file model_1.cif (mmCIF, C-alpha atoms and all ligand atoms; chains and numbers go by the auth columns)
data_my_file
loop_
_atom_site.group_PDB
_atom_site.id
_atom_site.type_symbol
_atom_site.label_atom_id
_atom_site.label_comp_id
_atom_site.label_asym_id
_atom_site.label_seq_id
_atom_site.Cartn_x
_atom_site.Cartn_y
_atom_site.Cartn_z
_atom_site.B_iso_or_equiv
_atom_site.auth_seq_id
_atom_site.auth_asym_id
ATOM 1 C CA MET A 1 11.716 -26.643 -9.668 0.00 21 A
ATOM 2 C CA ALA A 2 15.087 -26.296 -11.348 0.00 22 A
ATOM 3 C CA LYS A 3 16.061 -22.736 -12.238 0.00 23 A
ATOM 4 C CA VAL A 4 15.685 -22.605 -16.014 0.00 24 A
ATOM 5 C CA MET A 5 15.301 -18.848 -16.536 0.00 25 A
ATOM 6 C CA ASP A 6 17.390 -15.836 -15.566 0.00 26 A
ATOM 7 C CA HIS A 7 16.442 -12.161 -15.406 0.00 27 A
ATOM 8 C CA ALA A 8 18.690 -10.939 -18.234 0.00 28 A
ATOM 9 C CA GLY A 9 17.575 -13.770 -20.514 0.00 29 A
ATOM 10 C CA VAL A 10 13.879 -13.108 -19.834 0.00 30 A
ATOM 11 C CA ALA A 11 14.237 -9.337 -20.310 0.00 31 A
ATOM 12 C CA GLY A 12 16.101 -9.912 -23.581 0.00 32 A
ATOM 13 C CA ALA A 13 13.454 -12.344 -24.803 0.00 33 A
ATOM 14 C CA TYR A 14 10.642 -9.849 -24.182 0.00 34 A
ATOM 15 C CA ASP A 15 12.609 -6.972 -25.718 0.00 35 A
ATOM 16 C CA ARG A 16 12.638 -9.133 -28.857 0.00 36 A
ATOM 17 C CA TRP A 17 8.907 -9.922 -28.520 0.00 37 A
ATOM 18 C CA ALA A 18 7.930 -6.251 -28.043 0.00 38 A
ATOM 19 C CA PRO A 19 7.384 -5.243 -31.715 0.00 39 A
ATOM 20 C CA VAL A 20 5.019 -8.169 -32.398 0.00 40 A
ATOM 21 C CA TYR A 21 3.742 -9.008 -28.903 0.00 41 A
ATOM 22 C CA ASP A 22 0.236 -7.547 -29.249 0.00 42 A
ATOM 23 C CA LEU A 23 -0.273 -9.255 -32.592 0.00 43 A
ATOM 24 C CA VAL A 24 0.799 -12.673 -31.315 0.00 44 A
ATOM 25 C CA PHE A 25 -0.500 -12.627 -27.729 0.00 45 A
ATOM 26 C CA GLY A 26 -3.246 -9.997 -27.898 0.00 46 A
ATOM 27 C CA PRO A 27 -6.386 -11.946 -28.844 0.00 47 A
ATOM 28 C CA VAL A 28 -5.404 -15.263 -27.248 0.00 48 A
ATOM 29 C CA PHE A 29 -5.297 -13.829 -23.695 0.00 49 A
ATOM 30 C CA ARG A 30 -8.049 -11.218 -24.142 0.00 50 A
ATOM 31 C CA ARG A 31 -10.690 -12.929 -21.990 0.00 51 A
ATOM 32 C CA GLY A 32 -8.210 -13.757 -19.245 0.00 52 A
ATOM 33 C CA ARG A 33 -7.088 -10.139 -19.016 0.00 53 A
ATOM 34 C CA ALA A 34 -10.693 -8.909 -18.787 0.00 54 A
ATOM 35 C CA ALA A 35 -11.420 -11.441 -16.018 0.00 55 A
ATOM 36 C CA ALA A 36 -8.346 -10.352 -14.034 0.00 56 A
ATOM 37 C CA VAL A 37 -9.183 -6.645 -14.272 0.00 57 A
ATOM 38 C CA THR A 38 -12.759 -7.336 -13.138 0.00 58 A
ATOM 39 C CA GLU A 39 -11.460 -9.199 -10.046 0.00 59 A
ATOM 40 C CA ALA A 40 -8.984 -6.447 -9.182 0.00 60 A
ATOM 41 C CA GLU A 41 -11.481 -3.639 -9.641 0.00 61 A
ATOM 42 C CA ALA A 42 -13.964 -5.396 -7.343 0.00 62 A
ATOM 43 C CA VAL A 43 -11.415 -4.514 -4.637 0.00 63 A
ATOM 44 C CA GLY A 44 -10.686 -1.227 -6.359 0.00 64 A
ATOM 45 C CA GLY A 45 -8.446 1.677 -5.521 0.00 65 A
ATOM 46 C CA ARG A 46 -4.719 1.524 -6.186 0.00 66 A
ATOM 47 C CA ILE A 47 -3.641 -1.411 -8.332 0.00 67 A
ATOM 48 C CA LEU A 48 -0.153 -2.632 -9.225 0.00 68 A
ATOM 49 C CA GLU A 49 0.168 -4.543 -12.487 0.00 69 A
ATOM 50 C CA VAL A 50 3.395 -6.549 -12.487 0.00 70 A
ATOM 51 C CA GLY A 51 4.728 -7.628 -15.883 0.00 71 A
ATOM 52 C CA VAL A 52 2.541 -4.996 -17.511 0.00 72 A
ATOM 53 C CA GLY A 53 4.336 -5.621 -20.806 0.00 73 A
ATOM 54 C CA THR A 54 3.087 -3.474 -23.685 0.00 74 A
ATOM 55 C CA GLY A 55 0.281 -2.219 -21.432 0.00 75 A
ATOM 56 C CA ILE A 56 -2.272 -4.192 -23.387 0.00 76 A
ATOM 57 C CA SER A 57 -4.555 -4.531 -20.359 0.00 77 A
ATOM 58 C CA LEU A 58 -4.347 -0.891 -19.247 0.00 78 A
ATOM 59 C CA PRO A 59 -7.335 0.386 -21.286 0.00 79 A
ATOM 60 C CA LEU A 60 -9.492 -2.205 -19.488 0.00 80 A
ATOM 61 C CA TYR A 61 -9.136 -0.414 -16.131 0.00 81 A
ATOM 62 C CA SER A 62 -11.784 2.161 -15.304 0.00 82 A
ATOM 63 C CA LYS A 63 -10.899 5.820 -14.836 0.00 83 A
ATOM 64 C CA GLU A 64 -11.656 5.409 -11.104 0.00 84 A
ATOM 65 C CA SER A 65 -8.671 3.097 -10.595 0.00 85 A
ATOM 66 C CA ARG A 66 -5.092 4.258 -10.084 0.00 86 A
ATOM 67 C CA VAL A 67 -2.786 1.825 -11.822 0.00 87 A
ATOM 68 C CA VAL A 68 0.974 1.461 -11.560 0.00 88 A
ATOM 69 C CA GLY A 69 2.627 -0.835 -14.122 0.00 89 A
ATOM 70 C CA VAL A 70 6.076 -2.401 -13.823 0.00 90 A
ATOM 71 C CA ASP A 71 8.020 -4.730 -16.071 0.00 91 A
ATOM 72 C CA ILE A 72 11.557 -6.010 -16.445 0.00 92 A
ATOM 73 C CA ALA A 73 11.819 -5.399 -20.238 0.00 93 A
ATOM 74 C CA ASN A 74 12.416 -1.845 -21.468 0.00 94 A
ATOM 75 C CA GLY A 75 11.226 -2.668 -24.986 0.00 95 A
ATOM 76 C CA MET A 76 7.829 -3.719 -23.609 0.00 96 A
ATOM 77 C CA LEU A 77 7.629 -0.643 -21.356 0.00 97 A
ATOM 78 C CA ASP A 78 8.277 1.710 -24.290 0.00 98 A
ATOM 79 C CA LYS A 79 5.165 0.260 -25.935 0.00 99 A
ATOM 80 C CA ALA A 80 3.192 0.662 -22.700 0.00 100 A
ATOM 81 C CA ARG A 81 4.201 4.327 -22.375 0.00 101 A
ATOM 82 C CA GLU A 82 3.242 5.008 -26.013 0.00 102 A
ATOM 83 C CA ARG A 83 -0.157 3.397 -25.382 0.00 103 A
ATOM 84 C CA VAL A 84 -0.795 5.445 -22.221 0.00 104 A
ATOM 85 C CA ALA A 85 -0.006 8.673 -24.079 0.00 105 A
ATOM 86 C CA ARG A 86 -1.875 7.746 -27.286 0.00 106 A
ATOM 87 C CA GLN A 87 -5.028 6.602 -25.497 0.00 107 A
ATOM 88 C CA ARG A 88 -4.808 9.221 -22.713 0.00 108 A
ATOM 89 C CA LEU A 89 -5.118 6.590 -20.005 0.00 109 A
ATOM 90 C CA SER A 90 -5.511 8.898 -17.017 0.00 110 A
ATOM 91 C CA GLN A 91 -6.058 5.901 -14.706 0.00 111 A
ATOM 92 C CA VAL A 92 -2.362 5.046 -15.140 0.00 112 A
ATOM 93 C CA GLU A 93 -0.347 6.681 -12.383 0.00 113 A
ATOM 94 C CA ARG A 94 3.095 5.423 -13.444 0.00 114 A
ATOM 95 C CA ILE A 95 4.913 2.977 -15.723 0.00 115 A
ATOM 96 C CA ALA A 96 8.330 1.918 -14.445 0.00 116 A
ATOM 97 C CA ILE A 97 11.047 -0.674 -14.755 0.00 117 A
ATOM 98 C CA GLY A 98 10.728 -3.185 -11.924 0.00 118 A
ATOM 99 C CA ASP A 99 11.428 -6.765 -10.961 0.00 119 A
ATOM 100 C CA ALA A 100 8.576 -8.949 -9.728 0.00 120 A
ATOM 101 C CA GLU A 101 10.993 -10.618 -7.318 0.00 121 A
ATOM 102 C CA ALA A 102 12.175 -7.353 -5.717 0.00 122 A
ATOM 103 C CA LEU A 103 9.364 -4.824 -5.956 0.00 123 A
ATOM 104 C CA ASP A 104 10.409 -1.270 -5.202 0.00 124 A
ATOM 105 C CA PHE A 105 7.337 -0.417 -3.083 0.00 125 A
ATOM 106 C CA PRO A 106 6.718 -0.340 0.663 0.00 126 A
ATOM 107 C CA ASP A 107 4.628 -3.042 2.328 0.00 127 A
ATOM 108 C CA CYS A 108 0.830 -2.767 1.903 0.00 128 A
ATOM 109 C CA SER A 109 1.064 -0.122 -0.880 0.00 129 A
ATOM 110 C CA PHE A 110 -1.745 -1.477 -3.060 0.00 130 A
ATOM 111 C CA ASP A 111 -5.346 -2.657 -2.777 0.00 131 A
ATOM 112 C CA ALA A 112 -4.693 -5.268 -5.460 0.00 132 A
ATOM 113 C CA VAL A 113 -1.727 -6.686 -7.343 0.00 133 A
ATOM 114 C CA VAL A 114 -2.344 -8.102 -10.822 0.00 134 A
ATOM 115 C CA ALA A 115 0.107 -10.400 -12.611 0.00 135 A
ATOM 116 C CA GLN A 116 -1.064 -11.599 -16.009 0.00 136 A
ATOM 117 C CA TYR A 117 0.850 -14.417 -17.687 0.00 137 A
ATOM 118 C CA VAL A 118 3.925 -13.408 -15.706 0.00 138 A
ATOM 119 C CA VAL A 119 4.526 -15.854 -12.852 0.00 139 A
ATOM 120 C CA SER A 120 5.562 -18.630 -15.246 0.00 140 A
ATOM 121 C CA ALA A 121 8.096 -16.229 -16.816 0.00 141 A
ATOM 122 C CA VAL A 122 9.963 -15.182 -13.667 0.00 142 A
ATOM 123 C CA PRO A 123 13.047 -17.120 -12.550 0.00 143 A
ATOM 124 C CA ASN A 124 11.807 -17.610 -8.947 0.00 144 A
ATOM 125 C CA PRO A 125 7.991 -17.794 -8.873 0.00 145 A
ATOM 126 C CA ALA A 126 7.721 -18.215 -5.072 0.00 146 A
ATOM 127 C CA ARG A 127 9.826 -15.103 -4.483 0.00 147 A
ATOM 128 C CA ALA A 128 7.566 -13.115 -6.820 0.00 148 A
ATOM 129 C CA LEU A 129 4.442 -14.402 -5.024 0.00 149 A
ATOM 130 C CA ASP A 130 5.964 -13.333 -1.685 0.00 150 A
ATOM 131 C CA GLU A 131 6.532 -9.868 -3.116 0.00 151 A
ATOM 132 C CA PHE A 132 2.980 -9.614 -4.485 0.00 152 A
ATOM 133 C CA LEU A 133 1.578 -10.419 -1.054 0.00 153 A
ATOM 134 C CA ARG A 134 3.969 -8.061 0.727 0.00 154 A
ATOM 135 C CA VAL A 135 2.899 -4.987 -1.249 0.00 155 A
ATOM 136 C CA THR A 136 -0.825 -5.866 -1.014 0.00 156 A
ATOM 137 C CA ARG A 137 -2.684 -4.401 1.954 0.00 157 A
ATOM 138 C CA PRO A 138 -4.354 -6.781 4.424 0.00 158 A
ATOM 139 C CA GLY A 139 -7.750 -7.681 2.955 0.00 159 A
ATOM 140 C CA GLY A 140 -6.476 -6.870 -0.554 0.00 160 A
ATOM 141 C CA LEU A 141 -6.216 -9.258 -3.482 0.00 161 A
ATOM 142 C CA VAL A 142 -3.447 -10.821 -5.571 0.00 162 A
ATOM 143 C CA VAL A 143 -4.924 -11.586 -9.003 0.00 163 A
ATOM 144 C CA ILE A 144 -3.006 -13.924 -11.285 0.00 164 A
ATOM 145 C CA THR A 145 -3.646 -15.294 -14.729 0.00 165 A
ATOM 146 C CA THR A 146 -1.307 -18.164 -15.225 0.00 166 A
ATOM 147 C CA ARG A 147 -0.161 -21.041 -17.302 0.00 167 A
ATOM 148 C CA MET A 148 -1.497 -24.265 -15.767 0.00 168 A
ATOM 149 C CA GLY A 149 0.644 -27.188 -16.791 0.00 169 A
ATOM 150 C CA ALA A 150 -0.649 -30.752 -16.940 0.00 170 A
ATOM 151 C CA GLU A 151 -0.123 -32.903 -13.838 0.00 171 A
ATOM 152 C CA LYS A 152 0.306 -36.148 -15.801 0.00 172 A
ATOM 153 C CA GLY A 153 -0.026 -37.874 -19.159 0.00 173 A
ATOM 154 C CA VAL A 154 1.024 -36.988 -22.699 0.00 174 A
ATOM 155 C CA ARG A 155 0.489 -33.247 -22.298 0.00 175 A
ATOM 156 C CA LYS A 156 2.841 -33.195 -19.291 0.00 176 A
ATOM 157 C CA ALA A 157 5.496 -35.046 -21.336 0.00 177 A
ATOM 158 C CA ILE A 158 5.130 -32.599 -24.231 0.00 178 A
ATOM 159 C CA GLU A 159 5.302 -29.597 -21.894 0.00 179 A
ATOM 160 C CA HIS A 160 8.466 -31.013 -20.343 0.00 180 A
ATOM 161 C CA ALA A 161 10.045 -31.646 -23.767 0.00 181 A
ATOM 162 C CA LEU A 162 9.281 -28.080 -24.905 0.00 182 A
ATOM 163 C CA MET A 163 10.913 -26.427 -21.886 0.00 183 A
ATOM 164 C CA PRO A 164 14.399 -25.904 -23.386 0.00 184 A
ATOM 165 C CA VAL A 165 12.808 -24.017 -26.292 0.00 185 A
ATOM 166 C CA THR A 166 10.115 -22.026 -24.475 0.00 186 A
ATOM 167 C CA SER A 167 12.380 -20.952 -21.615 0.00 187 A
ATOM 168 C CA ARG A 168 14.598 -19.234 -24.220 0.00 188 A
ATOM 169 C CA LEU A 169 11.470 -17.505 -25.550 0.00 189 A
ATOM 170 C CA GLY A 170 10.675 -16.188 -22.051 0.00 190 A
ATOM 171 C CA PHE A 171 8.093 -18.579 -20.602 0.00 191 A
ATOM 172 C CA ARG A 172 7.651 -22.054 -19.169 0.00 192 A
ATOM 173 C CA THR A 173 5.330 -24.677 -20.609 0.00 193 A
ATOM 174 C CA GLU A 174 5.860 -26.930 -17.576 0.00 194 A
ATOM 175 C CA PHE A 175 4.176 -25.090 -14.711 0.00 195 A
ATOM 176 C CA PRO A 176 2.060 -27.299 -12.428 0.00 196 A
ATOM 177 C CA TRP A 177 -0.471 -26.097 -9.854 0.00 197 A
ATOM 178 C CA SER A 178 1.841 -27.459 -7.137 0.00 198 A
ATOM 179 C CA ILE A 179 4.001 -24.323 -7.533 0.00 199 A
ATOM 180 C CA TYR A 180 1.096 -22.253 -6.159 0.00 200 A
ATOM 181 C CA ALA A 181 -0.057 -24.930 -3.694 0.00 201 A
ATOM 182 C CA ASP A 182 3.447 -25.329 -2.185 0.00 202 A
ATOM 183 C CA TRP A 183 3.851 -21.569 -1.884 0.00 203 A
ATOM 184 C CA ALA A 184 0.420 -21.130 -0.267 0.00 204 A
ATOM 185 C CA ALA A 185 1.114 -23.982 2.176 0.00 205 A
ATOM 186 C CA ASP A 186 3.956 -21.850 3.590 0.00 206 A
ATOM 187 C CA ARG A 187 1.882 -18.666 3.644 0.00 207 A
ATOM 188 C CA PRO A 188 -1.010 -18.820 6.111 0.00 208 A
ATOM 189 C CA ASP A 189 -1.606 -15.127 5.363 0.00 209 A
ATOM 190 C CA ALA A 190 -2.574 -16.009 1.736 0.00 210 A
ATOM 191 C CA GLU A 191 -6.091 -17.367 1.306 0.00 211 A
ATOM 192 C CA LEU A 192 -6.916 -18.972 -2.037 0.00 212 A
ATOM 193 C CA VAL A 193 -10.268 -17.453 -3.041 0.00 213 A
ATOM 194 C CA THR A 194 -10.441 -18.173 -6.794 0.00 214 A
ATOM 195 C CA ARG A 195 -9.089 -20.857 -9.074 0.00 215 A
ATOM 196 C CA ARG A 196 -10.858 -21.326 -12.385 0.00 216 A
ATOM 197 C CA PRO A 197 -9.849 -22.285 -15.909 0.00 217 A
ATOM 198 C CA LEU A 198 -9.508 -19.654 -18.619 0.00 218 A
ATOM 199 C CA PRO A 199 -9.496 -20.016 -22.394 0.00 219 A
ATOM 200 C CA PRO A 200 -7.754 -21.115 -24.518 0.00 220 A
ATOM 201 C CA PHE A 201 -8.222 -24.856 -23.905 0.00 221 A
ATOM 202 C CA GLY A 202 -8.147 -24.518 -20.095 0.00 222 A
ATOM 203 C CA HIS A 203 -4.327 -24.414 -20.236 0.00 223 A
ATOM 204 C CA PHE A 204 -4.492 -21.183 -18.230 0.00 224 A
ATOM 205 C CA SER A 205 -6.259 -20.254 -14.991 0.00 225 A
ATOM 206 C CA LEU A 206 -7.401 -17.278 -12.987 0.00 226 A
ATOM 207 C CA VAL A 207 -6.004 -17.604 -9.468 0.00 227 A
ATOM 208 C CA CYS A 208 -6.668 -15.108 -6.645 0.00 228 A
ATOM 209 C CA PHE A 209 -5.235 -14.978 -3.142 0.00 229 A
ATOM 210 C CA ARG A 210 -6.630 -12.656 -0.501 0.00 230 A
ATOM 211 C CA ARG A 211 -4.114 -11.305 1.990 0.00 231 A
ATOM 212 C CA ALA A 212 -5.394 -12.121 5.475 0.00 232 A
ATOM 213 C CA GLU A 213 -6.543 -9.159 7.580 0.00 233 A
ATOM 214 C CA ILE A 214 -4.293 -10.367 10.380 0.00 234 A
ATOM 215 C CA ASP A 215 -1.755 -13.110 10.055 0.00 235 A
ATOM 216 C CA ASN A 216 -2.404 -16.503 11.578 0.00 236 A
ATOM 217 C CA ALA A 217 0.280 -16.110 14.222 0.00 237 A
ATOM 218 C CA ALA A 218 -1.434 -12.965 15.466 0.00 238 A
ATOM 219 C CA ARG A 219 -4.803 -14.742 15.305 0.00 239 A
ATOM 220 C CA ALA A 220 -3.492 -17.676 17.351 0.00 240 A
ATOM 221 C CA ALA A 221 -2.024 -15.330 19.935 0.00 241 A
ATOM 222 C CA ALA A 222 -5.270 -13.315 20.210 0.00 242 A
HETATM 223 C C1 LIG B . 3.769 -13.150 -21.339 0.00 301 B
HETATM 224 S S1 LIG B . 4.174 -11.481 -21.039 0.00 301 B
HETATM 225 C C2 LIG B . 2.634 -10.868 -20.347 0.00 301 B
HETATM 226 C C3 LIG B . 2.447 -9.386 -20.605 0.00 301 B
HETATM 227 C C4 LIG B . 1.078 -8.851 -20.198 0.00 301 B
HETATM 228 N N1 LIG B . 0.898 -8.969 -18.753 0.00 301 B
HETATM 229 C C5 LIG B . -0.044 -9.512 -20.920 0.00 301 B
HETATM 230 O O1 LIG B . -1.095 -9.740 -20.331 0.00 301 B
HETATM 231 O O2 LIG B . 0.074 -9.766 -22.101 0.00 301 B
HETATM 232 C C6 LIG B . 5.208 -11.586 -19.601 0.00 301 B
HETATM 233 C C7 LIG B . 5.713 -10.231 -19.149 0.00 301 B
HETATM 234 O O3 LIG B . 6.332 -10.392 -17.876 0.00 301 B
HETATM 235 C C8 LIG B . 7.517 -9.621 -17.876 0.00 301 B
HETATM 236 N N2 LIG B . 8.429 -10.165 -16.867 0.00 301 B
HETATM 237 C C9 LIG B . 9.096 -11.348 -16.909 0.00 301 B
HETATM 238 N N3 LIG B . 9.834 -11.500 -15.798 0.00 301 B
HETATM 239 C C10 LIG B . 9.615 -10.405 -15.035 0.00 301 B
HETATM 240 C C11 LIG B . 10.097 -9.978 -13.763 0.00 301 B
HETATM 241 N N4 LIG B . 10.972 -10.721 -13.043 0.00 301 B
HETATM 242 N N5 LIG B . 9.666 -8.801 -13.276 0.00 301 B
HETATM 243 C C12 LIG B . 8.795 -8.033 -13.997 0.00 301 B
HETATM 244 N N6 LIG B . 8.306 -8.377 -15.204 0.00 301 B
HETATM 245 C C13 LIG B . 8.714 -9.550 -15.715 0.00 301 B
HETATM 246 C C14 LIG B . 8.038 -9.739 -19.294 0.00 301 B
HETATM 247 O O4 LIG B . 8.970 -8.742 -19.616 0.00 301 B
HETATM 248 C C15 LIG B . 6.742 -9.629 -20.078 0.00 301 B
HETATM 249 O O5 LIG B . 6.408 -8.293 -20.378 0.00 301 B
#

call {"tool": "encode", "arguments": {"input": "model_1.cif", "output": "structure tokens", "more": "lines below"}}
Ligand SMILES: C[S@@+](CC[C@H](N)C(=O)[O-])C[C@H]1O[C@@H](n2cnc3c(N)ncnc32)[C@H](O)[C@@H]1O
result
Amino acid sequence: MAKVMDHAGVAGAYDRWAPVYDLVFGPVFRRGRAAAVTEAEAVGGRILEVGVGTGISLPLYSKESRVVGVDIANGMLDKARERVARQRLSQVERIAIGDAEALDFPDCSFDAVVAQYVVSAVPNPARALDEFLRVTRPGGLVVITTRMGAEKGVRKAIEHALMPVTSRLGFRTEFPWSIYADWAADRPDAELVTRRPLPPFGHFSLVCFRRAEIDNAARAAA
């Protein structure tokens, strides 16, 4: 996929979205966020939410979880910090600036990594997916809610035509499943365990990869 986004452009776009983000994107993604949190909490423990944005999903986590949120846009993070303080979200361990493609955490730091409506916004999706898997412990889960672009037909043509506009707004409309499939084909330590459509209109999906307990090379050698 051609590189159509860059970090500074995306951060700037979401700094501009920050004041109205919850109003525009709150209700439309509500059910997807709830589904993602349920998946992550089934694994439980320490959870990293990448692209936490205004922290709109943080109140959904139970008080038993320990959640770290990172995002590339300071304007969004300011909103997240206000929310944590206002709602006394004691399950939130830390909110910090951070890049999905270069996470500032050691390997295997989290039981689950959650990325909601983020992978289609990052410049290099495969690099971000590598990072999610790296910081997830073996047996842990990467939970993604994602744009699912059409594979063919009129919708695919429209999504392609909209790309110059939407990429300036901070997201891609053209985002086929093959981005995940190609990445997973190179990662035998990532097992696809969930792929199901989410509202609205099935243009989004919940996708979960479990990090293998031992990698395939080790398994073959055993
Ligand atoms: C569509 S918003 C989703 C926000 C939130 N997760 C939600 O459910 O509404 C995408 C978020 O990803 C963040 N983002 C984009 N690229 C990023 C990157 N490379 N690293 C971290 N966050 C990034 C944006 O700043 C923005 O807050």

call {"tool": "resolve_selection", "arguments": {"input": "model_1.cif", "expression": "the PyMOL selection byres (((chain A and resi 67) around 6) and not hetatm)", "output": "ChimeraX atom specification"}}
result
/A:66,68,87,130-133

call {"tool": "resolve_selection", "arguments": {"input": "model_1.cif", "expression": "the PyMOL selection byres (((chain A and resi 200-214) around 7) and not hetatm)", "output": "list in words"}}
result
Ala146, Trp197, Ser198, Ile199, Arg215, Arg216, Leu226, Val227, Cys228, Phe229, Arg230, Arg231, Ala232, Asp235 and Asn236 of chain A

call {"tool": "closest_residue", "arguments": {"input": "model_1.cif", "among": "A:Val70, A:Leu80, A:Ala135, A:Val142", "to": "Ile115 in chain A", "atoms": "only C-alpha atoms"}}
result
A:Val70

call {"tool": "residues_around", "arguments": {"input": "model_1.cif", "residues": "range 177-191 of chain A", "least_positions_apart": "2", "cutoff": "8 Å", "atoms": "all atoms listed in the file", "output": "PyMOL selection string"}}
result
chain A and resi 24-25+29-31+33-34+140-142+169-170+172-175+193-194

call {"tool": "residues_near_ligand", "arguments": {"input": "model_1.cif", "ligand": "ligand LIG 301 (chain B)", "cutoff": "6 Å", "atoms": "only C-alpha atoms and all ligand atoms", "output": "PDB file with C-alpha atoms, in the frame of the given file"}}
result
ATOM      1  CA  VAL A  30      13.879 -13.108 -19.834  1.00  0.00           C
ATOM      2  CA  ALA A  31      14.237  -9.337 -20.310  1.00  0.00           C
ATOM      3  CA  TYR A  34      10.642  -9.849 -24.182  1.00  0.00           C
ATOM      4  CA  VAL A  70       3.395  -6.549 -12.487  1.00  0.00           C
ATOM      5  CA  GLY A  71       4.728  -7.628 -15.883  1.00  0.00           C
ATOM      6  CA  VAL A  72       2.541  -4.996 -17.511  1.00  0.00           C
ATOM      7  CA  GLY A  73       4.336  -5.621 -20.806  1.00  0.00           C
ATOM      8  CA  ASP A  91       8.020  -4.730 -16.071  1.00  0.00           C
ATOM      9  CA  ILE A  92      11.557  -6.010 -16.445  1.00  0.00           C
ATOM     10  CA  ALA A  93      11.819  -5.399 -20.238  1.00  0.00           C
ATOM     11  CA  MET A  96       7.829  -3.719 -23.609  1.00  0.00           C
ATOM     12  CA  GLY A 118      10.728  -3.185 -11.924  1.00  0.00           C
ATOM     13  CA  ASP A 119      11.428  -6.765 -10.961  1.00  0.00           C
ATOM     14  CA  ALA A 120       8.576  -8.949  -9.728  1.00  0.00           C
ATOM     15  CA  GLU A 121      10.993 -10.618  -7.318  1.00  0.00           C
ATOM     16  CA  GLN A 136      -1.064 -11.599 -16.009  1.00  0.00           C
ATOM     17  CA  TYR A 137       0.850 -14.417 -17.687  1.00  0.00           C
ATOM     18  CA  VAL A 138       3.925 -13.408 -15.706  1.00  0.00           C
ATOM     19  CA  ALA A 141       8.096 -16.229 -16.816  1.00  0.00           C
ATOM     20  CA  VAL A 142       9.963 -15.182 -13.667  1.00  0.00           C
TER      21      VAL A 142
END

call {"tool": "atom_distance", "arguments": {"input": "model_1.cif", "atom1": "CA of Gly75 in chain A", "atom2": "CA of Pro158 in chain A"}}
result
26.7 Å

call {"tool": "closest_residue", "arguments": {"input": "model_1.cif", "among": "A:Met168, A:Pro219, A:Glu84, A:Leu97", "to": "Arg53 in chain A", "atoms": "only C-alpha atoms"}}
result
A:Pro219

call {"tool": "atom_distance", "arguments": {"input": "model_1.cif", "atom1": "CA of Val155 in chain A", "atom2": "CA of Ser129 in chain A"}}
result
5.2 Å

call {"tool": "closest_residue", "arguments": {"input": "model_1.cif", "among": "A:Gly222, A:Gly32, A:Pro47, A:Pro39", "to": "Thr165 in chain A", "atoms": "only C-alpha atoms"}}
result
A:Gly222

call {"tool": "resolve_selection", "arguments": {"input": "model_1.cif", "expression": "the PyMOL selection byres (((chain A and resi 154) around 9) and not hetatm)", "output": "compact mmCIF listing (two decimals) with C-alpha atoms, keeping the file's coordinate frame"}}
result
# COMPACT_ATOMS: atom_id res chain seq x y z
CA PRO A 126 6.72 -0.34 0.66
CA ASP A 127 4.63 -3.04 2.33
CA CYS A 128 0.83 -2.77 1.90
CA SER A 129 1.06 -0.12 -0.88
CA LEU A 149 4.44 -14.40 -5.02
CA ASP A 150 5.96 -13.33 -1.68
CA GLU A 151 6.53 -9.87 -3.12
CA PHE A 152 2.98 -9.61 -4.49
CA LEU A 153 1.58 -10.42 -1.05
CA VAL A 155 2.90 -4.99 -1.25
CA THR A 156 -0.82 -5.87 -1.01
CA ARG A 157 -2.68 -4.40 1.95
CA ARG A 231 -4.11 -11.30 1.99

call {"tool": "closest_residue", "arguments": {"input": "model_1.cif", "among": "A:Ala54, A:Ala38, A:Ala116, A:Ala28", "to": "Leu218 in chain A", "atoms": "all atoms listed in the file"}}
result
A:Ala54

call {"tool": "atom_distance", "arguments": {"input": "model_1.cif", "atom1": "CA of Ala105 in chain A", "atom2": "CA of His27 in chain A"}}
result
27.9 Å

call {"tool": "closest_residue", "arguments": {"input": "model_1.cif", "among": "A:Leu78, A:Val90, A:Val63, A:Leu123", "to": "Ser110 in chain A", "atoms": "all atoms listed in the file"}}
result
A:Leu78

call {"tool": "closest_residue", "arguments": {"input": "model_1.cif", "among": "A:Val48, A:Val40, A:Ile76, A:Ala122", "to": "Arg147 in chain A", "atoms": "all atoms listed in the file"}}
result
A:Ala122

call {"tool": "axis_aligned_box", "arguments": {"input": "model_1.cif", "around": "range 33-39 of chain A", "padding_each_side": "8 Å", "output": "lines of an AutoDock Vina configuration file"}}
result
center_x = 10.4
center_y = -8.8
center_z = -27.9
size_x = 22.1
size_y = 23.1
size_z = 23.5

call {"tool": "residues_near_point", "arguments": {"input": "model_1.cif", "point": "(0.5, 3.7, -23.5)", "cutoff": "10 Å", "atoms": "all atoms listed in the file", "output": "ChimeraX atom specification"}}
result
/A:74-76,78-79,97-109,112,115

call {"tool": "decode", "arguments": {"input": "model_1.cif", "residues": "range 50-61 of chain A", "atoms": "C-alpha atoms", "output": "short mmCIF file (atom, residue, chain, number, x, y, z; two decimals), in the first residue's frame"}}
result
data_model
loop_
_atom_site.label_atom_id
_atom_site.label_comp_id
_atom_site.auth_asym_id
_atom_site.auth_seq_id
_atom_site.Cartn_x
_atom_site.Cartn_y
_atom_site.Cartn_z
CA ARG A 50 -19.96 2.75 20.78
CA ARG A 51 -20.80 -0.92 20.21
CA GLY A 52 -17.41 -1.66 18.68
CA ARG A 53 -15.61 -0.18 21.67
CA ALA A 54 -17.71 -2.23 24.11
CA ALA A 55 -16.97 -5.41 22.12
CA ALA A 56 -13.22 -4.71 22.14
CA VAL A 57 -13.09 -4.05 25.89
CA THR A 58 -15.02 -7.27 26.56
CA GLU A 59 -12.48 -9.27 24.49
CA ALA A 60 -9.50 -7.66 26.22
CA GLU A 61 -10.91 -8.10 29.71
#
